[in-house]
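Colleague: Have a look at this one before I ask anything.
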Amino acid sequence: MRIVSLFAGLLVLCACGSAPSPTPEPTPDAEREAARSAQPGPARDDRPAIVAFGDSLTAGFGADAGKSYPDFLQQELDRRGLRYRVVNGGISGETTTDALARLSTVTALTPAVVIVEFGGNDGLRGLPVSTTRSNLDQIVVGLKDSGAQVLLAGMTLPPNYGPDYIASFQRVYSDLAAKDKVALIPFLLEGVAGTSRMQRDGLHPTADGNRLVAATVMRYLQPLLRLAAPSTR
């Protein structure tokens, strides 16, 4: 009987040791994480992309958030019922060399249209026009090879840079537009430069100036939209 009792006791101990441990109560952090995981992510925007690829003029330097020319361009497209999304690819201070180095980040977006606005910082730094021309040419060709329509934005420089340098600089845009067969905005800041729509530095538009820049871009952009990805209505 003593042996039987000991055996029975061992069975009880084994049974107790193998019993499942109670499930821990979820912590508030775990509950919040589970709730976040259960929430649907943002809806995918499947509209064809228009990339505004440029420097501070595109980034909207000095203007309030939401007041860059690409912001106003998106509003204009929406107003006209044109289903495109504008991606602001502007980085202040960039030269054409910088732009060429990050070209792949733009082509990776498979844009329908790219608005190329570079060269101003090259000119302001007095860089060789031949360098600006070569870089812009490679940018435009690379974008075209990716399947994008290209709209090249022409620029000029303050008069103190001298007529010869300015004339040579300006010719880069018209020459490349003809060579590479892309659309050209003769001067991006048409109706803005030299007016009260510029900030105190005389180089960057105000919010009101950016609105006018967007209207200028829209005039040259709209014909390209017929050649780009469908804008489904």
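Ligands are numbered from 1 in the order shown, chains are lettered A, B, ... in the order of the structure tokens, and residues start at 1 in each chain.
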Per residue of region 179-214 of chain A within 10 Å of region 122-144 of chain A, what are the shortest atom pair and its distance in Å to one decimal, counting only C-alpha atoms, with rows by chain and residue number, as a Markdown table?

Modeller:
```
| residue | atom | partner | partner_atom | distance |
| --- | --- | --- | --- | --- |
| A:Lys179 | CA | A:Asp137 | CA | 9.0 |
| A:Asp180 | CA | A:Val141 | CA | 7.0 |
| A:Lys181 | CA | A:Val140 | CA | 9.7 |
| A:Val182 | CA | A:Val140 | CA | 8.2 |
```

Colleague: Using DSSP secondary structure from the backbone, list all strand (DSSP E or B) positions within region 69-126 of chain A, as number ranges by chain.

Modeller: A: 85-90, 113-117

Colleague: Take the residues from that selection and write them out as an mmCIF file, in the first residue's frame, keeping N, CA and C atoms.

Modeller:
```cif
data_model
loop_
_atom_site.group_PDB
_atom_site.id
_atom_site.type_symbol
_atom_site.label_atom_id
_atom_site.label_comp_id
_atom_site.auth_asym_id
_atom_site.auth_seq_id
_atom_site.Cartn_x
_atom_site.Cartn_y
_atom_site.Cartn_z
ATOM 1 N N ARG A 85 -0.816 62.649 -60.197
ATOM 2 C CA ARG A 85 -0.287 63.069 -58.894
ATOM 3 C C ARG A 85 1.066 63.727 -59.127
ATOM 4 N N VAL A 86 1.250 64.891 -58.534
ATOM 5 C CA VAL A 86 2.498 65.633 -58.679
ATOM 6 C C VAL A 86 3.423 65.254 -57.527
ATOM 7 N N VAL A 87 4.624 64.831 -57.862
ATOM 8 C CA VAL A 87 5.648 64.491 -56.869
ATOM 9 C C VAL A 87 6.683 65.607 -56.859
ATOM 10 N N ASN A 88 6.854 66.227 -55.705
ATOM 11 C CA ASN A 88 7.834 67.310 -55.602
ATOM 12 C C ASN A 88 9.215 66.708 -55.361
ATOM 13 N N GLY A 89 10.044 66.712 -56.392
ATOM 14 C CA GLY A 89 11.411 66.196 -56.307
ATOM 15 C C GLY A 89 12.428 67.317 -56.270
ATOM 16 N N GLY A 90 12.071 68.432 -55.625
ATOM 17 C CA GLY A 90 12.984 69.562 -55.535
ATOM 18 C C GLY A 90 13.856 69.504 -54.299
ATOM 19 N N VAL A 113 5.464 62.124 -66.792
ATOM 20 C CA VAL A 113 6.105 63.375 -67.215
ATOM 21 C C VAL A 113 7.083 63.807 -66.136
ATOM 22 N N VAL A 114 8.209 64.382 -66.549
ATOM 23 C CA VAL A 114 9.154 64.981 -65.606
ATOM 24 C C VAL A 114 9.416 66.418 -66.039
ATOM 25 N N ILE A 115 9.230 67.333 -65.113
ATOM 26 C CA ILE A 115 9.540 68.751 -65.347
ATOM 27 C C ILE A 115 10.941 68.987 -64.801
ATOM 28 N N VAL A 116 11.883 69.265 -65.680
ATOM 29 C CA VAL A 116 13.294 69.387 -65.295
ATOM 30 C C VAL A 116 13.645 70.855 -65.102
ATOM 31 N N GLU A 117 13.979 71.227 -63.879
ATOM 32 C CA GLU A 117 14.310 72.619 -63.540
ATOM 33 C C GLU A 117 15.643 72.626 -62.808
#
```

Colleague: Looking at only C-alpha atoms, which of A:Leu225, A:Leu188, A:Ala177, A:Ala214 is the one that sits closest to Gln74 (chain A)?

Modeller: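 Ranked by minimum distance to Gln74 (chain A), first place goes to A:Ala214.
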
Colleague: To one decimal place in Å, what is the distance between CA of His204 (chain A) and CA of Pro158 (chain A)?

Modeller: 12.6 Å

Colleague: Name all residues at most 10 Å from Ala65 (chain A) (count only C-alpha atoms; drop same-chain ones fewer than 6 positions away) and give them as an MDAnalysis selection string.

Modeller: chainID A and resid 59 71 207

Colleague: Restrict the selected residues to all heavy atoms and save them as a tab-separated table (two decimals), in the first residue's frame.

Modeller:
```
chain	number	residue	atom	x	y	z
A	59	ALA	N	11.46	73.13	-54.91
A	59	ALA	CA	11.22	72.76	-53.52
A	59	ALA	C	10.32	73.76	-52.80
A	59	ALA	O	9.69	73.44	-51.81
A	59	ALA	CB	12.54	72.62	-52.78
A	71	ASP	N	2.79	72.25	-55.62
A	71	ASP	CA	1.54	72.19	-54.87
A	71	ASP	C	0.42	72.86	-55.67
A	71	ASP	O	-0.69	72.32	-55.77
A	71	ASP	CB	1.69	72.88	-53.52
A	71	ASP	CG	2.57	72.12	-52.55
A	71	ASP	OD1	2.36	70.91	-52.38
A	71	ASP	OD2	3.49	72.74	-51.98
A	207	ALA	N	4.70	82.84	-52.34
A	207	ALA	CA	3.61	81.90	-52.60
A	207	ALA	C	2.79	82.35	-53.80
A	207	ALA	O	2.43	81.54	-54.67
A	207	ALA	CB	2.72	81.78	-51.36
```

Colleague: If you run DSSP on the backbone here, which positions in region 149-188 of chain A get alpha helix (DSSP H)? Please write them as a PDB file with C-alpha atoms, in the first residue's frame.

Modeller:
```
ATOM      1  CA  PRO A 163      25.941  89.398 -71.303  1.00  0.00           C
ATOM      2  CA  ASP A 164      28.252  86.799 -72.826  1.00  0.00           C
ATOM      3  CA  TYR A 165      27.976  84.306 -69.976  1.00  0.00           C
ATOM      4  CA  ILE A 166      24.210  84.846 -69.676  1.00  0.00           C
ATOM      5  CA  ALA A 167      23.627  84.390 -73.408  1.00  0.00           C
ATOM      6  CA  SER A 168      25.699  81.200 -73.444  1.00  0.00           C
ATOM      7  CA  PHE A 169      23.843  79.928 -70.377  1.00  0.00           C
ATOM      8  CA  GLN A 170      20.400  80.625 -71.823  1.00  0.00           C
ATOM      9  CA  ARG A 171      21.230  78.878 -75.100  1.00  0.00           C
ATOM     10  CA  VAL A 172      21.768  75.601 -73.232  1.00  0.00           C
ATOM     11  CA  TYR A 173      18.020  75.154 -72.788  1.00  0.00           C
ATOM     12  CA  SER A 174      16.880  75.961 -76.306  1.00  0.00           C
ATOM     13  CA  ASP A 175      19.735  73.948 -77.822  1.00  0.00           C
ATOM     14  CA  LEU A 176      18.964  70.849 -75.735  1.00  0.00           C
ATOM     15  CA  ALA A 177      15.219  71.111 -76.342  1.00  0.00           C
ATOM     16  CA  ALA A 178      15.907  71.062 -80.094  1.00  0.00           C
ATOM     17  CA  LYS A 179      18.604  68.372 -79.924  1.00  0.00           C
ATOM     18  CA  ASP A 180      16.717  65.989 -77.636  1.00  0.00           C
TER      19      ASP A 180
END
```

Colleague: Rounded to one decimal place, report the CA of Gly120 (chain A)-CA of Leu73 (chain A) distance in Å.

Modeller: 20.9 Å

Colleague: Using only C-alpha atoms, which residues sit within 10 Å of Phe72 (chain A) once same-chain residues fewer than 6 positions away are excluded, as a list in words?

Modeller: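 Residues near the query, excluding close chain neighbours: Gly66, Asp78, Val86, Ala207, Asp208, Asn210, Arg211, Leu212, Val213, Ala214, Ala215 and Met218 of chain A.
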
Colleague: Would you output that residue set with N, CA, C and O atoms, as an mmCIF file, in the first residue's frame?

Modeller:
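So the final result, stored in out25.cif, reads:
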```
data_model
loop_
_atom_site.group_PDB
_atom_site.id
_atom_site.type_symbol
_atom_site.label_atom_id
_atom_site.label_comp_id
_atom_site.auth_asym_id
_atom_site.auth_seq_id
_atom_site.Cartn_x
_atom_site.Cartn_y
_atom_site.Cartn_z
ATOM 1 N N GLY A 66 3.171 73.727 -48.519
ATOM 2 C CA GLY A 66 1.982 73.635 -49.359
ATOM 3 C C GLY A 66 1.845 74.770 -50.353
ATOM 4 O O GLY A 66 0.823 74.876 -51.055
ATOM 5 N N ASP A 78 -6.140 68.996 -60.506
ATOM 6 C CA ASP A 78 -7.377 68.523 -59.873
ATOM 7 C C ASP A 78 -8.572 69.344 -60.349
ATOM 8 O O ASP A 78 -9.652 68.789 -60.611
ATOM 9 N N VAL A 86 1.250 64.891 -58.534
ATOM 10 C CA VAL A 86 2.498 65.633 -58.679
ATOM 11 C C VAL A 86 3.423 65.254 -57.527
ATOM 12 O O VAL A 86 3.045 65.326 -56.358
ATOM 13 N N ALA A 207 4.702 82.837 -52.343
ATOM 14 C CA ALA A 207 3.607 81.898 -52.597
ATOM 15 C C ALA A 207 2.791 82.349 -53.799
ATOM 16 O O ALA A 207 2.435 81.538 -54.669
ATOM 17 N N ASP A 208 2.513 83.636 -53.891
ATOM 18 C CA ASP A 208 1.758 84.163 -55.035
ATOM 19 C C ASP A 208 2.549 83.964 -56.320
ATOM 20 O O ASP A 208 1.986 83.647 -57.376
ATOM 21 N N ASN A 210 4.724 81.547 -56.853
ATOM 22 C CA ASN A 210 4.680 80.118 -57.176
ATOM 23 C C ASN A 210 3.370 79.732 -57.845
ATOM 24 O O ASN A 210 3.338 78.849 -58.708
ATOM 25 N N ARG A 211 2.299 80.376 -57.447
ATOM 26 C CA ARG A 211 1.011 80.114 -58.101
ATOM 27 C C ARG A 211 1.080 80.485 -59.588
ATOM 28 O O ARG A 211 0.577 79.760 -60.453
ATOM 29 N N LEU A 212 1.732 81.614 -59.879
ATOM 30 C CA LEU A 212 1.870 82.039 -61.273
ATOM 31 C C LEU A 212 2.822 81.117 -62.029
ATOM 32 O O LEU A 212 2.597 80.810 -63.211
ATOM 33 N N VAL A 213 3.887 80.656 -61.370
ATOM 34 C CA VAL A 213 4.795 79.697 -62.003
ATOM 35 C C VAL A 213 4.027 78.434 -62.382
ATOM 36 O O VAL A 213 4.205 77.882 -63.483
ATOM 37 N N ALA A 214 3.172 77.957 -61.488
ATOM 38 C CA ALA A 214 2.384 76.759 -61.775
ATOM 39 C C ALA A 214 1.488 76.969 -62.988
ATOM 40 O O ALA A 214 1.324 76.054 -63.814
ATOM 41 N N ALA A 215 0.922 78.158 -63.127
ATOM 42 C CA ALA A 215 0.079 78.449 -64.295
ATOM 43 C C ALA A 215 0.909 78.428 -65.574
ATOM 44 O O ALA A 215 0.455 77.926 -66.616
ATOM 45 N N MET A 218 1.675 74.821 -66.387
ATOM 46 C CA MET A 218 0.480 74.136 -66.869
ATOM 47 C C MET A 218 0.258 74.382 -68.363
ATOM 48 O O MET A 218 -0.173 73.470 -69.088
#
```

Colleague: Taking into account only C-alpha atoms, which residue in the set A:Ala63, A:Asp55, A:Leu152, A:Arg79 is nearest to Thr95 (chain A)?

Modeller: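 Checking each candidate against Thr95 (chain A), we get A:Asp55 as the closest.
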
Colleague: Name the residues in contact with Ala112 (chain A) at a cut-off of 9 Å, using only C-alpha atoms, excluding same-chain residues fewer than 4 positions from it; report them as JSON, numbers by chain.

Modeller: {"A": [48, 49, 50, 51, 84, 147, 148, 149, 150, 225, 227, 228, 229]}

Colleague: Just to be explicit: take each residue in the selection above, keep C-alpha atoms, and write the result as an mmCIF file, in the first residue's frame.

Modeller:
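The result, written out as selection_16.cif:
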```cif
data_model
loop_
_atom_site.group_PDB
_atom_site.id
_atom_site.type_symbol
_atom_site.label_atom_id
_atom_site.label_comp_id
_atom_site.auth_asym_id
_atom_site.auth_seq_id
_atom_site.Cartn_x
_atom_site.Cartn_y
_atom_site.Cartn_z
ATOM 1 C CA PRO A 48 0.329 58.470 -63.151
ATOM 2 C CA ALA A 49 3.117 60.571 -61.633
ATOM 3 C CA ILE A 50 4.301 63.965 -62.781
ATOM 4 C CA VAL A 51 7.669 64.564 -61.123
ATOM 5 C CA TYR A 84 -2.256 62.834 -62.119
ATOM 6 C CA GLY A 147 9.739 56.303 -71.085
ATOM 7 C CA ALA A 148 8.890 59.676 -69.541
ATOM 8 C CA GLN A 149 7.818 62.784 -71.389
ATOM 9 C CA VAL A 150 10.180 65.653 -70.504
ATOM 10 C CA LEU A 225 -0.473 64.862 -71.054
ATOM 11 C CA LEU A 227 1.196 61.813 -75.066
ATOM 12 C CA ALA A 228 1.752 60.491 -71.553
ATOM 13 C CA ALA A 229 -0.135 57.851 -69.595
#
```

Colleague: So, counting only C-alpha atoms, which residue among A:Gln222, A:Thr156, A:Ser104, A:Ser92 is closest to Thr58 (chain A)?

Modeller: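 Among A:Gln222, A:Thr156, A:Ser104, A:Ser92, it is A:Ser92 that comes nearest to Thr58 (chain A).
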
Colleague: Could you tell me how far CA of Arg102 (chain A) lies from CA of Leu82 (chain A), in Å and to one decimal?

Modeller: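 Going from CA of Arg102 (chain A) over to CA of Leu82 (chain A) covers 28.0 Å.
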
Colleague: From the options A:Met198, A:Ile185, A:Leu224, A:Val192, which residue's atoms come nearest to Met155 (chain A), counting only C-alpha atoms?

Modeller: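 Smallest separation from Met155 (chain A) among the options: A:Ile185.
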